[in-house]
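Please read the structure below before turning to the comments.
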Amino acid sequence: MLTATNLSICYGPRKALDGFNIALAPGEIRALIGPNGSGKSTALQGMAGLVKPEAGAVTIDGAPMSVMTRREIAHRLSFLPQQPTAPDEMTVEQLVRQGRFAHVGLFRRYRREDEDAIAWALESTGLAPLAERPLSALSGGERQRAWISAALAQEAKVLLLDEPTTFLDIGYQIEVLDLVHRLSRERGVTVVMAIHDLNQAMSIADRITLMEKGRVVFDGTSDALAESGLIEQVFRVEGRFVQIAPDGPPHFDVHLKRWSGKRGFESAKHAPAS
Amino acid sequence: MTVTASATPRRAPRPAFLLPLLFVLALASLALAIFLGVVDLDPSDTLAALTGHGSPEARAIILDIRLPRIFTGMLAGIHFALAGLLLQSITRNPLADPSLMGVSQGAMLAVSGFLVLSVYSHDTGSTTLQELPVQWLPLIGTFGGLAAGGFIYLIAFRRDLGPLRITLCGIAVGAVLHAIGIGLMAGWGSGRLEVLLEWFSGSLYARGWQHALFLLPFTVAGLAVLPIIRRPLELLRFDATVARSFGLSYRVQFSVVLLVACALAASAVGVIGPVVFVGLIVPHMARSLARQQTRIVLPLTIALGAIVMTLADLAGRLTGGAEEIPIGVVTAICGVPLLVALLRKTP
């Protein structure tokens, strides 16, 4: 499967990723969490072979990624960046079709297996009825599903998702997470996703990687994360972990510091108009 | 909810007869361009000339003047249109055309520089284009255009080769080249200015078989590469990150497409001068006709490029009388309302 050892990536003088290590088991779901700017996206791009690392290496199925062509990588791994853009007039089906490029290459015709993969990708994201719609006519959730569908058509064993639920309402968020879970369990796809919602991360992921300032500060299960006390420290918040269902994942309850001074809402209401 | 829209799906219509229709249209415009002209020839005389008979006068007009001019125009039209489509795709900029990559300006500077040099190295009094070594202009222009495109490519390539970077470099370098070219013209003196003006506005006047033959290898090579770059061209319309994730070698394919576009544009500019709007408008026409049938955008662009160029030149020849209107002027005048119409159609 995918492993990254001692991966370091620099953007100019800034070290965005510093000695990043990860080893994924086949079919596992890994959540990548951490504050803004902690290097989650950089780690994903490094794992996808999109940025040349300063040091360290990524291997996939035991082979070093640095010597692979883009098509060889795309055979094994698909990556969905944050907020991808597509040409306006492109339809859902045309977008999903691009996912087959790794297989068909420059010249080969689309065979039965390609059409089947496209149909399956559309079907499993529930987009088959919208296949002929242009992307510009879709809602945010539908568009995100279309992109996931394109990544699925690639039929890679590893799927990297950079904040796939950001900007979606809660309904679509759960829809995307359910889809990810089903892929991992039904098709054995290994998933790594950067995600901001801690509770969603803990409920869907088999393991969690917590990052801070380009370094991995925790790598383990949700329960171990709850016991580590790192969340409060890394995110600079106060809260506590609660167990809602007996054998369910832990739930992090944040403590909001409510302003209790006199110049609150009440006093603002009676303030003289200036 | 847009239930009604999905209940009556707007299927892309009639792609089946769109291409044959354009083919017929291309033949029709070819025929029109052959039969119509400043010199009124009897249609039967024209037909006879085409088959090698007829009066010597008709043969000279048809075989030596009209036909080579039409073919040169068609080839150049294909060049401009294709170059525009390629550049618009890879820069993801719907307003891209050959002048964006500094190709037109580079060709312009090379041609004006060459003419200045040749005037001052020859004797004085060469005030007409015919007395100057005009047979070299296509080659010089092509070289200048390619050099400008290559220079822009290099300075964009040193850092990260992105569409925005290359667009900005193209605009900056193009402006400098244009300024130097204009400076040369202004410093050259008014008497010799006219010589360049005709070329600068883009003209098919007095273009012969040698010009069509000059363009042909570029056309053949460009069309031969199309099947190879067809799929990359679609992927290049995405972000680099997305395209690479789909398995595209972005830098290689970007460079190949850019090279093809520059070679097509530079050779066409070299032969007939910078004809504006064809490279900009024709890809948009093709896209709007093809709707979602992206597969036929390429062939549509090729066909429309040839048709638009032929008809525009015919219009320039007929309306101007003996003093014909250069094709660059015709395309500019007709291009603006067409662009507005297309913009209004796009949601």
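Letters for chains follow the order of the structure tokens (A, B, ...), residue numbers begin at 1 for each chain, and ligand numbers begin at 1 in the order shown.
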
Counting only C-alpha atoms, chain B residues within 6 Å of chain A, as a PyMOL selection string: chain B and resi 238+245-249

Picked from stretch 145-214 of chain B by DSSP as helix (DSSP H, G or I), as a ChimeraX atom specification: /B:145-157,163-188,190-200,209-214

Surrounding residues of A:Ile118 excluding itself and chain neighbours under 4 positions, 7 Å, only C-alpha atoms, as an MDAnalysis selection string: chainID A and resid 96:97 114 122 153

Who sits within 9 Å of A:His196, only C-alpha atoms, same chain under 5 positions skipped, as a list in words: Leu32, Ile33, Gly34, Pro35, Asn36, Glu163, Thr165, Thr166 and Ala201 of chain A

Same residues, C-alpha atoms, output as a tab-separated table (two decimals), in the first residue's frame:
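Once everything was written out, this is part-v4.tsv:
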chain	number	residue	atom	x	y	z
A	32	LEU	CA	-5.88	13.80	8.47
A	33	ILE	CA	-6.70	16.48	11.01
A	34	GLY	CA	-4.94	19.56	12.29
A	35	PRO	CA	-5.27	23.35	12.45
A	36	ASN	CA	-5.25	25.52	9.33
A	163	GLU	CA	-11.47	18.39	2.54
A	165	THR	CA	-16.97	18.00	2.82
A	166	THR	CA	-15.98	21.65	3.20
A	201	ALA	CA	-13.26	12.27	11.55

Proximity to B:Pro283 - best of B:Met185, B:Leu259, B:Ala96, B:Val176, only C-alpha atoms: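 Using only C-alpha atoms, B:Pro283 sits closest to B:Ala96.
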
Which residue of B:Pro94, B:Gly54, B:Gly270, B:Pro43 approaches B:Gly202 most closely, using only C-alpha atoms: B:Gly270

Which residues are near A:Gln200? Cut-off 12 Å, only C-alpha atoms, ignore same chain within fewer than 4 positions. Put them as a PDB file with C-alpha atoms, in the first residue's frame.
ATOM      1  CA  ARG A  30      -7.423   7.556   7.497  1.00  0.00           C
ATOM      2  CA  ALA A  31      -8.453  11.024   8.609  1.00  0.00           C
ATOM      3  CA  LEU A  32      -5.878  13.796   8.466  1.00  0.00           C
ATOM      4  CA  ILE A  33      -6.698  16.478  11.005  1.00  0.00           C
ATOM      5  CA  GLU A 163     -11.468  18.392   2.541  1.00  0.00           C
ATOM      6  CA  THR A 165     -16.974  17.998   2.819  1.00  0.00           C
ATOM      7  CA  ILE A 170     -24.639  18.750   6.756  1.00  0.00           C
ATOM      8  CA  GLN A 173     -21.434  16.091   4.185  1.00  0.00           C
ATOM      9  CA  ILE A 174     -22.938  12.876   5.510  1.00  0.00           C
ATOM     10  CA  GLU A 175     -23.714  11.729   1.972  1.00  0.00           C
ATOM     11  CA  VAL A 176     -20.057  12.102   0.997  1.00  0.00           C
ATOM     12  CA  LEU A 177     -18.832  10.394   4.170  1.00  0.00           C
ATOM     13  CA  ASP A 178     -21.247   7.490   3.689  1.00  0.00           C
ATOM     14  CA  HIS A 181     -17.202   4.469   3.935  1.00  0.00           C
ATOM     15  CA  MET A 193      -8.877  12.504   3.718  1.00  0.00           C
ATOM     16  CA  ALA A 194      -8.165  15.841   5.238  1.00  0.00           C
ATOM     17  CA  ILE A 195     -11.185  16.867   7.251  1.00  0.00           C
ATOM     18  CA  HIS A 196     -11.991  19.667   9.662  1.00  0.00           C
ATOM     19  CA  ILE A 204     -15.580   7.466  10.078  1.00  0.00           C
ATOM     20  CA  ALA A 205     -11.831   6.893  10.307  1.00  0.00           C
ATOM     21  CA  ASP A 206     -10.079   3.686  11.286  1.00  0.00           C
ATOM     22  CA  ILE A 208      -6.394   9.392  12.737  1.00  0.00           C
ATOM     23  CA  SER A 222     -10.005   7.682  17.895  1.00  0.00           C
ATOM     24  CA  PRO A 249     -16.738   6.635  18.613  1.00  0.00           C
ATOM     25  CA  PRO A 250     -15.846   9.289  21.199  1.00  0.00           C
ATOM     26  CA  HIS A 251     -17.395  12.706  20.756  1.00  0.00           C
ATOM     27  CA  PHE A 252     -15.539  15.934  21.402  1.00  0.00           C
TER      28      PHE A 252
END

Residue contacts of B:Ala60 (12 Å, only C-alpha atoms) excluding same-chain residues fewer than 5 positions away, as a list in words: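 That gives Val39, Leu41, Asp45, Thr46, Ala49, Leu50, Gly52, His53, Gly54, Ser55, Ile65, Arg66, Leu67, Pro68 and Gly208 of chain B.
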
All residues 10 Å or closer to A:Leu210, only C-alpha atoms, same chain fewer than 4 positions away omitted, as a list in words: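 In the requested format, the answer is Ala31, Leu32, Ile33, Gly34, Pro35, Ser38, Lys40, Arg215, Val216, Val217, Phe218, Asp219, Gly220, Leu225, Leu230, Ile231 and Val234 of chain A.
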
Print the selection's residues with C-alpha atoms to a file, as a PDB file, in the first residue's frame.
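Now in out.pdb:
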ATOM      1  CA  ALA A  31      -8.453  11.024   8.609  1.00  0.00           C
ATOM      2  CA  LEU A  32      -5.878  13.796   8.466  1.00  0.00           C
ATOM      3  CA  ILE A  33      -6.698  16.478  11.005  1.00  0.00           C
ATOM      4  CA  GLY A  34      -4.939  19.558  12.291  1.00  0.00           C
ATOM      5  CA  PRO A  35      -5.273  23.347  12.454  1.00  0.00           C
ATOM      6  CA  SER A  38      -0.622  22.495   9.681  1.00  0.00           C
ATOM      7  CA  LYS A  40      -2.616  18.546   5.689  1.00  0.00           C
ATOM      8  CA  ARG A 215       4.770  17.464  11.764  1.00  0.00           C
ATOM      9  CA  VAL A 216       2.766  14.429  12.789  1.00  0.00           C
ATOM     10  CA  VAL A 217       2.000  14.716  16.508  1.00  0.00           C
ATOM     11  CA  PHE A 218      -0.361  11.762  16.784  1.00  0.00           C
ATOM     12  CA  ASP A 219      -1.119   8.620  14.784  1.00  0.00           C
ATOM     13  CA  GLY A 220      -3.625   6.142  16.193  1.00  0.00           C
ATOM     14  CA  LEU A 225      -6.685  10.313  20.499  1.00  0.00           C
ATOM     15  CA  LEU A 230      -3.673  16.496  22.273  1.00  0.00           C
ATOM     16  CA  ILE A 231      -6.789  17.966  20.670  1.00  0.00           C
ATOM     17  CA  VAL A 234      -3.093  21.540  19.296  1.00  0.00           C
TER      18      VAL A 234
END

Selected residue, from B:Ile155, B:Ala107, B:Leu233, B:Val282, that lies nearest to B:Ile307 when counting only C-alpha atoms: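 When distances to B:Ile307 are compared using only C-alpha atoms, the smallest one comes from B:Val282.
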
Nearest-residue call for B:Val260, choices B:Gly150, B:Gly305, B:Gly222, B:Pro274, using only C-alpha atoms: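 Among the listed residues, B:Gly222 lies closest to B:Val260.
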
Between atom CA of B:Gly328 and atom CA of B:Val173, distance in Å (one decimal):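 Here the two named atoms are 22.6 Å from each other.
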
Atom-to-atom span, atom CA of A:Leu161 and atom CA of A:Arg76, Å: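 Between atom CA of A:Leu161 and atom CA of A:Arg76 the gap works out to 14.5 Å.
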
Given only C-alpha atoms as the counted atoms, nearest of B:Val275, B:Ala303, B:Ile152, B:Leu264 to B:Gly335: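 Closest to B:Gly335, using only C-alpha atoms: B:Val275.
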